[in-house]
Amino acid sequence: MRIIMLVMAVVSLVGLSGCYSKQSGLKAYNGPEVTRVIILKGDRRMHLMHGKKALKSYDIDLGFAPEGHKQFEGDGRTPEGRYFVDRRNPNSAFHLSLGISYPNAQDRARAAAAGTSPGGDIFIHGGPRRMDPQGGDWTAGCVSVSDNEIENVFAMVRTGTPVDIYR
């Protein structure tokens, strides 16, 4: 009987330990669904939309070469066009991050025609680390908000949400 109780206690502790993780500290959101993310590169603004209503808006930083559409890996540009949130990373090097589905088929074809790689790993993420350049437009092509703001964005935006990035 003692062995059964001991085994049950160990199983319970192991089960409970799985409930605590970095994710357990994430913010919750129970408001209207974010149906679209709009990023206006020229204005350095990102809007989380529910239909035609902006639920939240944020100042953003972009890639270190913000003008124009991303063409190839390492160009420092943030892509333009329609993409989707395709993954969520609660263990990002940039606090939290939401993956953007760049490159799409058109981006891959354009890069292949130029004999280059389109690159990838474009995210909406938190602010710079100590080793990153400080000041505006410091990323390698991602969209950055503050660490506090990415906690809200991460809570509000779901996988599959359209992301429209404009000049």
# chains A, B, ... in the order shown; residues from 1 in each chain; ligands from 1
call {"tool": "closest_atom_pairs", "arguments": {"of": "range 62-123 of chain A", "to": "range 151-157 of chain A", "cutoff": "12 Å", "atoms": "only C-alpha atoms", "output": "CSV"}}
result
residue,atom,partner,partner_atom,distance
A:Phe84,CA,A:Val157,CA,10.7
A:Val85,CA,A:Val157,CA,8.2
A:Asp86,CA,A:Val157,CA,10.9
A:Arg87,CA,A:Val157,CA,10.7
A:Arg88,CA,A:Phe154,CA,7.9
A:Asn89,CA,A:Phe154,CA,9.1
A:Pro90,CA,A:Phe154,CA,8.5
A:Asn91,CA,A:Phe154,CA,11.9
A:Ser92,CA,A:Phe154,CA,11.6
A:Phe94,CA,A:Glu151,CA,11.2
A:His95,CA,A:Glu151,CA,8.4
A:Leu96,CA,A:Glu151,CA,7.0
A:Ser97,CA,A:Phe154,CA,7.1
A:Leu98,CA,A:Phe154,CA,7.0
A:Gly99,CA,A:Phe154,CA,10.7
A:Ile100,CA,A:Val157,CA,11.8
A:Phe123,CA,A:Phe154,CA,11.5
call {"tool": "select_by_dssp", "arguments": {"residues": "chain A", "states": "helix (DSSP H, G or I)", "output": "CSV table (one decimal) with N, CA, C and O atoms, in the first residue's frame"}}
result
chain,number,residue,atom,x,y,z
A,2,ARG,N,1.9,1.2,0.8
A,2,ARG,CA,2.8,2.4,0.8
A,2,ARG,C,3.5,2.6,-0.5
A,2,ARG,O,3.7,3.8,-0.9
A,3,ILE,N,3.8,1.6,-1.2
A,3,ILE,CA,4.4,1.7,-2.5
A,3,ILE,C,3.5,2.4,-3.5
A,3,ILE,O,3.8,3.3,-4.3
A,4,ILE,N,2.2,2.0,-3.5
A,4,ILE,CA,1.2,2.5,-4.3
A,4,ILE,C,1.1,4.0,-4.0
A,4,ILE,O,1.0,4.9,-4.9
A,5,MET,N,1.0,4.4,-2.7
A,5,MET,CA,0.9,5.8,-2.3
A,5,MET,C,2.1,6.6,-2.8
A,5,MET,O,1.9,7.7,-3.3
A,6,LEU,N,3.3,6.0,-2.6
A,6,LEU,CA,4.5,6.7,-3.1
A,6,LEU,C,4.5,6.9,-4.6
A,6,LEU,O,4.8,8.0,-5.0
A,7,VAL,N,4.1,5.9,-5.3
A,7,VAL,CA,4.1,6.0,-6.8
A,7,VAL,C,3.1,7.1,-7.2
A,7,VAL,O,3.3,7.9,-8.0
A,8,MET,N,1.9,7.1,-6.5
A,8,MET,CA,0.9,8.1,-6.9
A,8,MET,C,1.4,9.5,-6.5
A,8,MET,O,1.1,10.5,-7.3
A,9,ALA,N,2.1,9.7,-5.4
A,9,ALA,CA,2.6,11.0,-5.1
A,9,ALA,C,3.7,11.4,-6.1
A,9,ALA,O,3.7,12.6,-6.5
A,10,VAL,N,4.6,10.5,-6.5
A,10,VAL,CA,5.6,10.9,-7.5
A,10,VAL,C,4.9,11.3,-8.8
A,10,VAL,O,5.3,12.3,-9.5
A,11,VAL,N,3.9,10.5,-9.3
A,11,VAL,CA,3.2,10.8,-10.5
A,11,VAL,C,2.5,12.1,-10.4
A,11,VAL,O,2.6,12.9,-11.3
A,12,SER,N,1.9,12.4,-9.3
A,12,SER,CA,1.3,13.7,-9.1
A,12,SER,C,2.3,14.9,-9.2
A,12,SER,O,2.0,15.9,-9.8
A,13,LEU,N,3.4,14.7,-8.5
A,13,LEU,CA,4.4,15.8,-8.5
A,13,LEU,C,5.0,16.0,-9.9
A,13,LEU,O,5.2,17.1,-10.4
A,14,VAL,N,5.2,14.9,-10.7
A,14,VAL,CA,5.7,15.0,-12.0
A,14,VAL,C,4.6,15.7,-12.9
A,14,VAL,O,4.9,16.6,-13.7
A,15,GLY,N,3.4,15.4,-12.7
A,15,GLY,CA,2.3,16.0,-13.5
A,15,GLY,C,2.2,17.5,-13.2
A,15,GLY,O,2.0,18.3,-14.0
A,16,LEU,N,2.3,17.8,-11.9
A,16,LEU,CA,2.2,19.2,-11.5
A,16,LEU,C,3.4,20.0,-12.0
A,16,LEU,O,3.3,21.2,-12.3
A,17,SER,N,4.6,19.4,-12.0
A,17,SER,CA,5.8,20.1,-12.4
A,17,SER,C,5.6,20.5,-13.9
A,17,SER,O,6.2,21.5,-14.3
A,22,LYS,N,7.7,28.6,-18.4
A,22,LYS,CA,7.8,30.0,-18.7
A,22,LYS,C,6.4,30.5,-19.2
A,22,LYS,O,6.0,31.6,-19.0
A,23,GLN,N,5.7,29.6,-19.9
A,23,GLN,CA,4.4,29.9,-20.5
A,23,GLN,C,3.4,30.2,-19.4
A,23,GLN,O,2.4,30.9,-19.6
A,24,SER,N,3.5,29.6,-18.2
A,24,SER,CA,2.5,29.9,-17.1
A,24,SER,C,2.5,31.3,-16.7
A,24,SER,O,1.5,31.8,-16.2
A,25,GLY,N,3.6,32.1,-17.0
A,25,GLY,CA,3.6,33.5,-16.7
A,25,GLY,C,3.1,34.4,-17.8
A,25,GLY,O,3.1,35.6,-17.7
A,105,ALA,N,5.4,31.8,-51.7
A,105,ALA,CA,5.9,31.2,-53.0
A,105,ALA,C,6.4,32.3,-53.9
A,105,ALA,O,7.4,32.1,-54.6
A,106,GLN,N,5.8,33.5,-54.0
A,106,GLN,CA,6.3,34.6,-54.8
A,106,GLN,C,7.7,35.1,-54.4
A,106,GLN,O,8.5,35.3,-55.2
A,107,ASP,N,7.9,35.1,-53.1
A,107,ASP,CA,9.2,35.6,-52.5
A,107,ASP,C,10.3,34.5,-52.9
A,107,ASP,O,11.4,34.9,-53.3
A,108,ARG,N,10.0,33.3,-52.8
A,108,ARG,CA,10.9,32.2,-53.2
A,108,ARG,C,11.2,32.3,-54.7
A,108,ARG,O,12.4,32.1,-55.1
A,109,ALA,N,10.2,32.5,-55.5
A,109,ALA,CA,10.4,32.5,-56.9
A,109,ALA,C,11.3,33.7,-57.3
A,109,ALA,O,12.2,33.6,-58.2
A,110,ARG,N,11.0,34.9,-56.7
A,110,ARG,CA,11.8,36.1,-57.0
A,110,ARG,C,13.3,35.9,-56.6
A,110,ARG,O,14.2,36.2,-57.4
A,111,ALA,N,13.5,35.3,-55.5
A,111,ALA,CA,14.9,35.1,-55.0
A,111,ALA,C,15.6,34.0,-55.9
A,111,ALA,O,16.7,34.2,-56.3
A,112,ALA,N,14.8,33.0,-56.3
A,112,ALA,CA,15.4,31.9,-57.2
A,112,ALA,C,15.8,32.5,-58.5
A,112,ALA,O,16.9,32.2,-59.1
A,113,ALA,N,15.0,33.4,-59.1
A,113,ALA,CA,15.3,34.0,-60.3
A,113,ALA,C,16.5,34.9,-60.3
A,113,ALA,O,17.2,35.0,-61.2
A,147,ASP,N,9.5,44.8,-24.9
A,147,ASP,CA,9.2,43.5,-24.3
A,147,ASP,C,7.8,43.5,-23.6
A,147,ASP,O,7.1,42.5,-23.7
A,148,ASN,N,7.4,44.6,-23.0
A,148,ASN,CA,6.1,44.7,-22.3
A,148,ASN,C,5.0,44.6,-23.4
A,148,ASN,O,4.0,43.9,-23.2
A,149,GLU,N,5.2,45.3,-24.5
A,149,GLU,CA,4.2,45.3,-25.6
A,149,GLU,C,4.1,43.9,-26.2
A,149,GLU,O,3.0,43.5,-26.6
A,150,ILE,N,5.2,43.2,-26.4
A,150,ILE,CA,5.1,41.9,-27.1
A,150,ILE,C,4.3,40.9,-26.2
A,150,ILE,O,3.7,40.0,-26.7
A,151,GLU,N,4.3,41.1,-24.9
A,151,GLU,CA,3.5,40.2,-24.0
A,151,GLU,C,2.0,40.4,-24.3
A,151,GLU,O,1.3,39.4,-24.4
A,152,ASN,N,1.6,41.6,-24.6
A,152,ASN,CA,0.2,41.9,-25.0
A,152,ASN,C,-0.1,41.3,-26.4
A,152,ASN,O,-1.1,40.7,-26.6
A,153,VAL,N,0.8,41.6,-27.3
A,153,VAL,CA,0.6,41.1,-28.7
A,153,VAL,C,0.6,39.6,-28.7
A,153,VAL,O,-0.3,39.0,-29.3
A,154,PHE,N,1.5,39.0,-28.0
A,154,PHE,CA,1.5,37.5,-27.9
A,154,PHE,C,0.2,36.9,-27.4
A,154,PHE,O,-0.3,35.9,-27.8
A,155,ALA,N,-0.4,37.6,-26.4
A,155,ALA,CA,-1.6,37.1,-25.8
A,155,ALA,C,-2.8,37.3,-26.8
A,155,ALA,O,-3.7,36.5,-26.8
A,156,MET,N,-2.8,38.4,-27.6
A,156,MET,CA,-3.9,38.7,-28.4
A,156,MET,C,-3.9,38.1,-29.8
A,156,MET,O,-5.0,37.8,-30.3
call {"tool": "atom_distance", "arguments": {"atom1": "CA of Tyr166 in chain A", "atom2": "CA of Ile38 in chain A"}}
result
7.7 Å
call {"tool": "select_by_dssp", "arguments": {"residues": "range 31-65 of chain A", "states": "strand (DSSP E or B)", "output": "list in words"}}
result
Arg36, Val37, Ile38, Ile39, Leu40, Arg45, Met46, His47, Leu48, Met49, His50, Lys53, Ala54, Leu55, Lys56, Ser57, Tyr58, Asp59, Asp61 and Gly63 of chain A
call {"tool": "residues_around", "arguments": {"residues": "Gly63 in chain A", "least_positions_apart": "3", "cutoff": "6 Å", "atoms": "only C-alpha atoms", "output": "MDAnalysis selection string"}}
result
chainID A and resid 66 76:78 137:142
call {"tool": "write_last_selection", "arguments": {"atoms": "N, CA and C atoms", "output": "PDB file, in the first residue's frame"}}
result
ATOM      1  N   PRO A  66      15.163  49.614 -43.887  1.00  0.00           N
ATOM      2  CA  PRO A  66      13.703  49.470 -43.933  1.00  0.00           C
ATOM      3  C   PRO A  66      13.027  49.776 -45.260  1.00  0.00           C
ATOM      4  N   GLY A  76      18.501  43.000 -44.678  1.00  0.00           N
ATOM      5  CA  GLY A  76      18.077  43.897 -43.607  1.00  0.00           C
ATOM      6  C   GLY A  76      16.724  44.535 -43.802  1.00  0.00           C
ATOM      7  N   ARG A  77      15.982  44.062 -44.787  1.00  0.00           N
ATOM      8  CA  ARG A  77      14.669  44.635 -45.064  1.00  0.00           C
ATOM      9  C   ARG A  77      13.560  43.818 -44.417  1.00  0.00           C
ATOM     10  N   THR A  78      12.481  44.509 -44.110  1.00  0.00           N
ATOM     11  CA  THR A  78      11.270  43.867 -43.617  1.00  0.00           C
ATOM     12  C   THR A  78      10.374  43.632 -44.831  1.00  0.00           C
ATOM     13  N   ASP A 137      15.090  50.943 -35.978  1.00  0.00           N
ATOM     14  CA  ASP A 137      15.367  50.075 -37.136  1.00  0.00           C
ATOM     15  C   ASP A 137      16.678  49.307 -36.977  1.00  0.00           C
ATOM     16  N   TRP A 138      16.681  48.394 -36.054  1.00  0.00           N
ATOM     17  CA  TRP A 138      17.887  47.654 -35.675  1.00  0.00           C
ATOM     18  C   TRP A 138      17.812  46.168 -36.019  1.00  0.00           C
ATOM     19  N   THR A 139      16.630  45.643 -36.397  1.00  0.00           N
ATOM     20  CA  THR A 139      16.499  44.192 -36.577  1.00  0.00           C
ATOM     21  C   THR A 139      17.090  43.758 -37.920  1.00  0.00           C
ATOM     22  N   ALA A 140      17.116  42.461 -38.145  1.00  0.00           N
ATOM     23  CA  ALA A 140      17.607  41.912 -39.412  1.00  0.00           C
ATOM     24  C   ALA A 140      16.471  41.763 -40.430  1.00  0.00           C
ATOM     25  N   GLY A 141      15.305  42.344 -40.147  1.00  0.00           N
ATOM     26  CA  GLY A 141      14.158  42.278 -41.050  1.00  0.00           C
ATOM     27  C   GLY A 141      12.858  42.032 -40.307  1.00  0.00           C
ATOM     28  N   CYS A 142      12.945  41.862 -39.007  1.00  0.00           N
ATOM     29  CA  CYS A 142      11.762  41.608 -38.178  1.00  0.00           C
ATOM     30  C   CYS A 142      11.067  42.908 -37.818  1.00  0.00           C
TER      31      CYS A 142
END
call {"tool": "residues_around", "arguments": {"residues": "range 30-35 of chain A", "least_positions_apart": "6", "cutoff": "7 Å", "atoms": "only C-alpha atoms", "output": "VMD selection string"}}
result
chain A and resid 48 to 51 156 to 157 161
